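Structure data follow from protein31.txt (compact mmCIF, N, CA and C atoms):
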```
# COMPACT_ATOMS: atom_id res chain seq x y z
N MET A 1 -66.55 -60.83 -94.62
CA MET A 1 -67.02 -59.61 -94.01
C MET A 1 -68.34 -59.90 -93.29
N LEU A 2 -68.52 -59.31 -92.13
CA LEU A 2 -69.75 -59.49 -91.39
C LEU A 2 -70.95 -58.95 -92.16
N LYS A 3 -72.12 -59.41 -91.80
CA LYS A 3 -73.33 -59.10 -92.55
C LYS A 3 -73.54 -57.60 -92.76
N TYR A 4 -73.36 -56.80 -91.73
CA TYR A 4 -73.64 -55.36 -91.83
C TYR A 4 -72.39 -54.50 -91.79
N GLU A 5 -71.23 -55.10 -91.80
CA GLU A 5 -69.99 -54.35 -91.66
C GLU A 5 -69.79 -53.33 -92.79
N GLU A 6 -70.00 -53.74 -94.02
CA GLU A 6 -69.82 -52.83 -95.16
C GLU A 6 -70.83 -51.69 -95.13
N PHE A 7 -72.07 -52.02 -94.80
CA PHE A 7 -73.12 -51.00 -94.74
C PHE A 7 -72.84 -50.01 -93.60
N THR A 8 -72.40 -50.53 -92.46
CA THR A 8 -72.05 -49.67 -91.33
C THR A 8 -70.91 -48.74 -91.69
N TYR A 9 -69.92 -49.26 -92.39
CA TYR A 9 -68.79 -48.44 -92.83
C TYR A 9 -69.26 -47.29 -93.73
N LYS A 10 -70.19 -47.56 -94.65
CA LYS A 10 -70.71 -46.52 -95.54
C LYS A 10 -71.43 -45.43 -94.75
N ILE A 11 -72.19 -45.82 -93.74
CA ILE A 11 -72.92 -44.84 -92.92
C ILE A 11 -71.94 -43.96 -92.15
N ILE A 12 -70.95 -44.59 -91.53
CA ILE A 12 -69.96 -43.82 -90.78
C ILE A 12 -69.18 -42.89 -91.70
N GLN A 13 -68.87 -43.36 -92.88
CA GLN A 13 -68.17 -42.55 -93.88
C GLN A 13 -69.00 -41.31 -94.24
N ALA A 14 -70.31 -41.49 -94.42
CA ALA A 14 -71.20 -40.36 -94.74
C ALA A 14 -71.24 -39.37 -93.58
N CYS A 15 -71.30 -39.87 -92.35
CA CYS A 15 -71.32 -39.00 -91.17
C CYS A 15 -70.02 -38.20 -91.06
N MET A 16 -68.91 -38.85 -91.31
CA MET A 16 -67.62 -38.16 -91.25
C MET A 16 -67.50 -37.10 -92.34
N GLU A 17 -68.03 -37.40 -93.51
CA GLU A 17 -68.02 -36.43 -94.61
C GLU A 17 -68.77 -35.16 -94.22
N VAL A 18 -69.94 -35.34 -93.62
CA VAL A 18 -70.74 -34.19 -93.17
C VAL A 18 -69.99 -33.42 -92.08
N HIS A 19 -69.43 -34.13 -91.13
CA HIS A 19 -68.69 -33.47 -90.04
C HIS A 19 -67.48 -32.71 -90.58
N ASN A 20 -66.74 -33.31 -91.48
CA ASN A 20 -65.57 -32.65 -92.05
C ASN A 20 -65.94 -31.41 -92.85
N GLU A 21 -67.08 -31.46 -93.52
CA GLU A 21 -67.52 -30.32 -94.33
C GLU A 21 -68.07 -29.18 -93.47
N LEU A 22 -68.88 -29.52 -92.46
CA LEU A 22 -69.55 -28.48 -91.67
C LEU A 22 -68.78 -28.09 -90.41
N GLY A 23 -68.07 -29.04 -89.83
CA GLY A 23 -67.39 -28.75 -88.57
C GLY A 23 -68.38 -28.70 -87.41
N ASN A 24 -68.02 -27.98 -86.36
CA ASN A 24 -68.84 -27.89 -85.15
C ASN A 24 -69.64 -26.59 -85.13
N GLY A 25 -70.66 -26.56 -84.27
CA GLY A 25 -71.32 -25.30 -83.97
C GLY A 25 -72.69 -25.08 -84.56
N PHE A 26 -73.17 -25.99 -85.39
CA PHE A 26 -74.49 -25.82 -85.98
C PHE A 26 -75.55 -26.50 -85.11
N LEU A 27 -76.80 -26.11 -85.30
CA LEU A 27 -77.90 -26.78 -84.64
C LEU A 27 -78.06 -28.18 -85.22
N GLU A 28 -78.65 -29.05 -84.43
CA GLU A 28 -78.80 -30.46 -84.81
C GLU A 28 -79.51 -30.61 -86.16
N ASN A 29 -80.51 -29.78 -86.40
CA ASN A 29 -81.29 -29.90 -87.64
C ASN A 29 -80.43 -29.67 -88.89
N VAL A 30 -79.42 -28.83 -88.79
CA VAL A 30 -78.51 -28.59 -89.92
C VAL A 30 -77.78 -29.88 -90.28
N TYR A 31 -77.32 -30.61 -89.26
CA TYR A 31 -76.63 -31.87 -89.49
C TYR A 31 -77.59 -32.93 -90.04
N HIS A 32 -78.85 -32.91 -89.59
CA HIS A 32 -79.85 -33.85 -90.12
C HIS A 32 -80.03 -33.63 -91.63
N GLU A 33 -80.19 -32.37 -92.01
CA GLU A 33 -80.39 -32.03 -93.42
C GLU A 33 -79.17 -32.42 -94.25
N ALA A 34 -77.99 -32.09 -93.74
CA ALA A 34 -76.76 -32.39 -94.47
C ALA A 34 -76.55 -33.90 -94.61
N LEU A 35 -76.84 -34.65 -93.55
CA LEU A 35 -76.67 -36.10 -93.61
C LEU A 35 -77.68 -36.72 -94.57
N GLU A 36 -78.88 -36.18 -94.60
CA GLU A 36 -79.88 -36.67 -95.56
C GLU A 36 -79.37 -36.49 -97.00
N GLU A 37 -78.79 -35.35 -97.29
CA GLU A 37 -78.24 -35.10 -98.62
C GLU A 37 -77.06 -36.02 -98.92
N GLU A 38 -76.22 -36.24 -97.93
CA GLU A 38 -75.06 -37.14 -98.13
C GLU A 38 -75.52 -38.57 -98.37
N PHE A 39 -76.55 -39.01 -97.66
CA PHE A 39 -77.10 -40.35 -97.89
C PHE A 39 -77.61 -40.46 -99.33
N LYS A 40 -78.27 -39.43 -99.82
CA LYS A 40 -78.76 -39.45 -101.20
C LYS A 40 -77.59 -39.54 -102.18
N LEU A 41 -76.54 -38.74 -101.94
CA LEU A 41 -75.37 -38.76 -102.83
C LEU A 41 -74.69 -40.12 -102.86
N GLN A 42 -74.67 -40.81 -101.72
CA GLN A 42 -73.99 -42.10 -101.63
C GLN A 42 -74.93 -43.28 -101.81
N ASN A 43 -76.17 -42.99 -102.20
CA ASN A 43 -77.18 -44.05 -102.42
C ASN A 43 -77.36 -44.95 -101.20
N ILE A 44 -77.44 -44.33 -100.03
CA ILE A 44 -77.68 -45.07 -98.79
C ILE A 44 -79.16 -44.92 -98.44
N PRO A 45 -79.90 -46.01 -98.40
CA PRO A 45 -81.33 -45.91 -98.06
C PRO A 45 -81.51 -45.47 -96.61
N TYR A 46 -82.55 -44.67 -96.37
CA TYR A 46 -82.79 -44.18 -95.02
C TYR A 46 -84.26 -43.81 -94.86
N GLU A 47 -84.68 -43.69 -93.62
CA GLU A 47 -85.98 -43.14 -93.27
C GLU A 47 -85.71 -42.13 -92.18
N ARG A 48 -86.09 -40.90 -92.41
CA ARG A 48 -85.81 -39.85 -91.45
C ARG A 48 -86.79 -39.90 -90.27
N GLU A 49 -86.24 -39.94 -89.08
CA GLU A 49 -86.99 -39.92 -87.83
C GLU A 49 -88.16 -40.89 -87.82
N LYS A 50 -87.85 -42.13 -88.14
CA LYS A 50 -88.86 -43.18 -88.19
C LYS A 50 -89.40 -43.44 -86.79
N LYS A 51 -90.71 -43.57 -86.68
CA LYS A 51 -91.36 -43.89 -85.42
C LYS A 51 -91.14 -45.37 -85.11
N LEU A 52 -90.76 -45.65 -83.88
CA LEU A 52 -90.57 -47.02 -83.44
C LEU A 52 -91.57 -47.33 -82.33
N PRO A 53 -92.22 -48.49 -82.40
CA PRO A 53 -93.17 -48.83 -81.34
C PRO A 53 -92.43 -49.13 -80.04
N ILE A 54 -92.96 -48.63 -78.94
CA ILE A 54 -92.39 -48.88 -77.62
C ILE A 54 -93.41 -49.68 -76.84
N LYS A 55 -92.97 -50.80 -76.30
CA LYS A 55 -93.85 -51.63 -75.49
C LYS A 55 -93.53 -51.39 -74.02
N LYS A 56 -94.56 -51.22 -73.23
CA LYS A 56 -94.38 -51.00 -71.81
C LYS A 56 -93.98 -52.31 -71.14
N SER A 57 -92.97 -52.24 -70.31
CA SER A 57 -92.50 -53.43 -69.60
C SER A 57 -93.41 -53.73 -68.42
N VAL A 58 -93.61 -55.00 -68.17
CA VAL A 58 -94.44 -55.39 -67.02
C VAL A 58 -93.68 -55.17 -65.72
N TYR A 59 -92.37 -54.91 -65.81
CA TYR A 59 -91.55 -54.71 -64.62
C TYR A 59 -91.46 -53.26 -64.18
N LEU A 60 -92.02 -52.35 -64.94
CA LEU A 60 -91.96 -50.92 -64.56
C LEU A 60 -93.13 -50.52 -63.71
```
Write out the structure in this file as structure tokens.
Amino acid sequence: MLKYEEFTYKIIQACMEVHNELGNGFLENVYHEALEEEFKLQNIPYEREKKLPIKKSVYL
């Protein structure tokens, strides 16, 4: 199995669980909250809305 294949599968599984439970039509924040809870239930480590450093390109 590839290095991250199993972990990726668990994340997609959690996302599908949330989608199947809630369906369509909610605001984005509702899905964020639900996915956070699903990650906790499935013991998937996460950081919510982590800040990532952006470096300015010399070509811009």
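You will find atom CA of Asn43 of chain A at 19.3 Å from atom CA of Asn20 of chain A.
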Assign secondary structure with DSSP using the backbone only, and return the residues of segment 2-58 of chain A in alpha helix (DSSP H) as a PDB file with N, CA and C atoms, keeping the file's coordinate frame.
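Listing of states.pdb after writing:
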```pdb
ATOM      1  N   GLU A   5     -71.230 -55.100 -91.800  1.00  0.00           N
ATOM      2  CA  GLU A   5     -69.990 -54.350 -91.660  1.00  0.00           C
ATOM      3  C   GLU A   5     -69.790 -53.330 -92.790  1.00  0.00           C
ATOM      4  N   GLU A   6     -70.000 -53.740 -94.020  1.00  0.00           N
ATOM      5  CA  GLU A   6     -69.820 -52.830 -95.160  1.00  0.00           C
ATOM      6  C   GLU A   6     -70.830 -51.690 -95.130  1.00  0.00           C
ATOM      7  N   PHE A   7     -72.070 -52.020 -94.800  1.00  0.00           N
ATOM      8  CA  PHE A   7     -73.120 -51.000 -94.740  1.00  0.00           C
ATOM      9  C   PHE A   7     -72.840 -50.010 -93.600  1.00  0.00           C
ATOM     10  N   THR A   8     -72.400 -50.530 -92.460  1.00  0.00           N
ATOM     11  CA  THR A   8     -72.050 -49.670 -91.330  1.00  0.00           C
ATOM     12  C   THR A   8     -70.910 -48.740 -91.690  1.00  0.00           C
ATOM     13  N   TYR A   9     -69.920 -49.260 -92.390  1.00  0.00           N
ATOM     14  CA  TYR A   9     -68.790 -48.440 -92.830  1.00  0.00           C
ATOM     15  C   TYR A   9     -69.260 -47.290 -93.730  1.00  0.00           C
ATOM     16  N   LYS A  10     -70.190 -47.560 -94.650  1.00  0.00           N
ATOM     17  CA  LYS A  10     -70.710 -46.520 -95.540  1.00  0.00           C
ATOM     18  C   LYS A  10     -71.430 -45.430 -94.750  1.00  0.00           C
ATOM     19  N   ILE A  11     -72.190 -45.820 -93.740  1.00  0.00           N
ATOM     20  CA  ILE A  11     -72.920 -44.840 -92.920  1.00  0.00           C
ATOM     21  C   ILE A  11     -71.940 -43.960 -92.150  1.00  0.00           C
ATOM     22  N   ILE A  12     -70.950 -44.590 -91.530  1.00  0.00           N
ATOM     23  CA  ILE A  12     -69.960 -43.820 -90.780  1.00  0.00           C
ATOM     24  C   ILE A  12     -69.180 -42.890 -91.700  1.00  0.00           C
ATOM     25  N   GLN A  13     -68.870 -43.360 -92.880  1.00  0.00           N
ATOM     26  CA  GLN A  13     -68.170 -42.550 -93.880  1.00  0.00           C
ATOM     27  C   GLN A  13     -69.000 -41.310 -94.240  1.00  0.00           C
ATOM     28  N   ALA A  14     -70.310 -41.490 -94.420  1.00  0.00           N
ATOM     29  CA  ALA A  14     -71.200 -40.360 -94.740  1.00  0.00           C
ATOM     30  C   ALA A  14     -71.240 -39.370 -93.580  1.00  0.00           C
ATOM     31  N   CYS A  15     -71.300 -39.870 -92.350  1.00  0.00           N
ATOM     32  CA  CYS A  15     -71.320 -39.000 -91.170  1.00  0.00           C
ATOM     33  C   CYS A  15     -70.020 -38.200 -91.060  1.00  0.00           C
ATOM     34  N   MET A  16     -68.910 -38.850 -91.310  1.00  0.00           N
ATOM     35  CA  MET A  16     -67.620 -38.160 -91.250  1.00  0.00           C
ATOM     36  C   MET A  16     -67.500 -37.100 -92.340  1.00  0.00           C
ATOM     37  N   GLU A  17     -68.030 -37.400 -93.510  1.00  0.00           N
ATOM     38  CA  GLU A  17     -68.020 -36.430 -94.610  1.00  0.00           C
ATOM     39  C   GLU A  17     -68.770 -35.160 -94.220  1.00  0.00           C
ATOM     40  N   VAL A  18     -69.940 -35.340 -93.620  1.00  0.00           N
ATOM     41  CA  VAL A  18     -70.740 -34.190 -93.170  1.00  0.00           C
ATOM     42  C   VAL A  18     -69.990 -33.420 -92.080  1.00  0.00           C
ATOM     43  N   HIS A  19     -69.430 -34.130 -91.130  1.00  0.00           N
ATOM     44  CA  HIS A  19     -68.690 -33.470 -90.040  1.00  0.00           C
ATOM     45  C   HIS A  19     -67.480 -32.710 -90.580  1.00  0.00           C
ATOM     46  N   ASN A  20     -66.740 -33.310 -91.480  1.00  0.00           N
ATOM     47  CA  ASN A  20     -65.570 -32.650 -92.050  1.00  0.00           C
ATOM     48  C   ASN A  20     -65.940 -31.410 -92.850  1.00  0.00           C
ATOM     49  N   GLU A  21     -67.080 -31.460 -93.520  1.00  0.00           N
ATOM     50  CA  GLU A  21     -67.520 -30.320 -94.330  1.00  0.00           C
ATOM     51  C   GLU A  21     -68.070 -29.180 -93.470  1.00  0.00           C
ATOM     52  N   LEU A  22     -68.880 -29.520 -92.460  1.00  0.00           N
ATOM     53  CA  LEU A  22     -69.550 -28.480 -91.670  1.00  0.00           C
ATOM     54  C   LEU A  22     -68.780 -28.090 -90.410  1.00  0.00           C
ATOM     55  N   GLU A  28     -78.650 -29.050 -84.430  1.00  0.00           N
ATOM     56  CA  GLU A  28     -78.800 -30.460 -84.810  1.00  0.00           C
ATOM     57  C   GLU A  28     -79.510 -30.610 -86.160  1.00  0.00           C
ATOM     58  N   ASN A  29     -80.510 -29.780 -86.400  1.00  0.00           N
ATOM     59  CA  ASN A  29     -81.290 -29.900 -87.640  1.00  0.00           C
ATOM     60  C   ASN A  29     -80.430 -29.670 -88.890  1.00  0.00           C
ATOM     61  N   VAL A  30     -79.420 -28.830 -88.790  1.00  0.00           N
ATOM     62  CA  VAL A  30     -78.510 -28.590 -89.920  1.00  0.00           C
ATOM     63  C   VAL A  30     -77.780 -29.880 -90.280  1.00  0.00           C
ATOM     64  N   TYR A  31     -77.320 -30.610 -89.260  1.00  0.00           N
ATOM     65  CA  TYR A  31     -76.630 -31.870 -89.490  1.00  0.00           C
ATOM     66  C   TYR A  31     -77.590 -32.930 -90.040  1.00  0.00           C
ATOM     67  N   HIS A  32     -78.850 -32.910 -89.590  1.00  0.00           N
ATOM     68  CA  HIS A  32     -79.850 -33.850 -90.120  1.00  0.00           C
ATOM     69  C   HIS A  32     -80.030 -33.630 -91.630  1.00  0.00           C
ATOM     70  N   GLU A  33     -80.190 -32.370 -92.010  1.00  0.00           N
ATOM     71  CA  GLU A  33     -80.390 -32.030 -93.420  1.00  0.00           C
ATOM     72  C   GLU A  33     -79.170 -32.420 -94.250  1.00  0.00           C
ATOM     73  N   ALA A  34     -77.990 -32.090 -93.740  1.00  0.00           N
ATOM     74  CA  ALA A  34     -76.760 -32.390 -94.470  1.00  0.00           C
ATOM     75  C   ALA A  34     -76.550 -33.900 -94.610  1.00  0.00           C
ATOM     76  N   LEU A  35     -76.840 -34.650 -93.550  1.00  0.00           N
ATOM     77  CA  LEU A  35     -76.670 -36.100 -93.610  1.00  0.00           C
ATOM     78  C   LEU A  35     -77.680 -36.720 -94.570  1.00  0.00           C
ATOM     79  N   GLU A  36     -78.880 -36.180 -94.600  1.00  0.00           N
ATOM     80  CA  GLU A  36     -79.880 -36.670 -95.560  1.00  0.00           C
ATOM     81  C   GLU A  36     -79.370 -36.490 -97.000  1.00  0.00           C
ATOM     82  N   GLU A  37     -78.790 -35.350 -97.290  1.00  0.00           N
ATOM     83  CA  GLU A  37     -78.240 -35.100 -98.620  1.00  0.00           C
ATOM     84  C   GLU A  37     -77.060 -36.020 -98.920  1.00  0.00           C
ATOM     85  N   GLU A  38     -76.220 -36.240 -97.930  1.00  0.00           N
ATOM     86  CA  GLU A  38     -75.060 -37.140 -98.130  1.00  0.00           C
ATOM     87  C   GLU A  38     -75.520 -38.570 -98.370  1.00  0.00           C
ATOM     88  N   PHE A  39     -76.550 -39.010 -97.660  1.00  0.00           N
ATOM     89  CA  PHE A  39     -77.100 -40.350 -97.890  1.00  0.00           C
ATOM     90  C   PHE A  39     -77.610 -40.460 -99.330  1.00  0.00           C
ATOM     91  N   LYS A  40     -78.270 -39.430 -99.820  1.00  0.00           N
ATOM     92  CA  LYS A  40     -78.760 -39.450-101.200  1.00  0.00           C
ATOM     93  C   LYS A  40     -77.590 -39.540-102.180  1.00  0.00           C
ATOM     94  N   LEU A  41     -76.540 -38.740-101.940  1.00  0.00           N
ATOM     95  CA  LEU A  41     -75.370 -38.760-102.830  1.00  0.00           C
ATOM     96  C   LEU A  41     -74.690 -40.120-102.860  1.00  0.00           C
TER      97      LEU A  41
END
```
Within 8 Å of Phe39 of chain A, counting all atoms listed in the file, which residues qualify if same-chain residues fewer than 5 places away don't, as a list in words?
Ile11, Ala14, Cys15, Glu33, Ala34, Ile44, Pro45 and Tyr46 of chain A
For a test of reading the model, state the distance in Å between atom CA of Leu35 of chain A and atom C of Thr8 of chain A, rounded to one decimal.
14.0 Å
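All protein, DNA and RNA residues at most 12 Å from (-69.8, -32.8, -94.2) are Ile12, Gln13, Ala14, Cys15, Met16, Glu17, Val18, His19, Asn20, Glu21, Leu22, Gly23, Asn24, Phe26, Val30, Tyr31, His32, Glu33, Ala34, Leu35, Glu36, Glu37, Glu38, Phe39 and Leu41 of chain A, using only C-alpha atoms.
Taking atom C of Phe7 of chain A and atom N of Leu27 of chain A as the two end points, the separation is 25.6 Å.
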Taking all atoms of segment 3-13 of chain A that appear in the file, build a box with edges along x, y and z, extend it by 4 Å on every side, and state its centre and edge lengths in Å to one decimal, as AutoDock Vina command-line options.
```
--center_x -70.9 --center_y -50.4 --center_z -93.2 --size_x 13.5 --size_y 26.1 --size_z 12.8
```
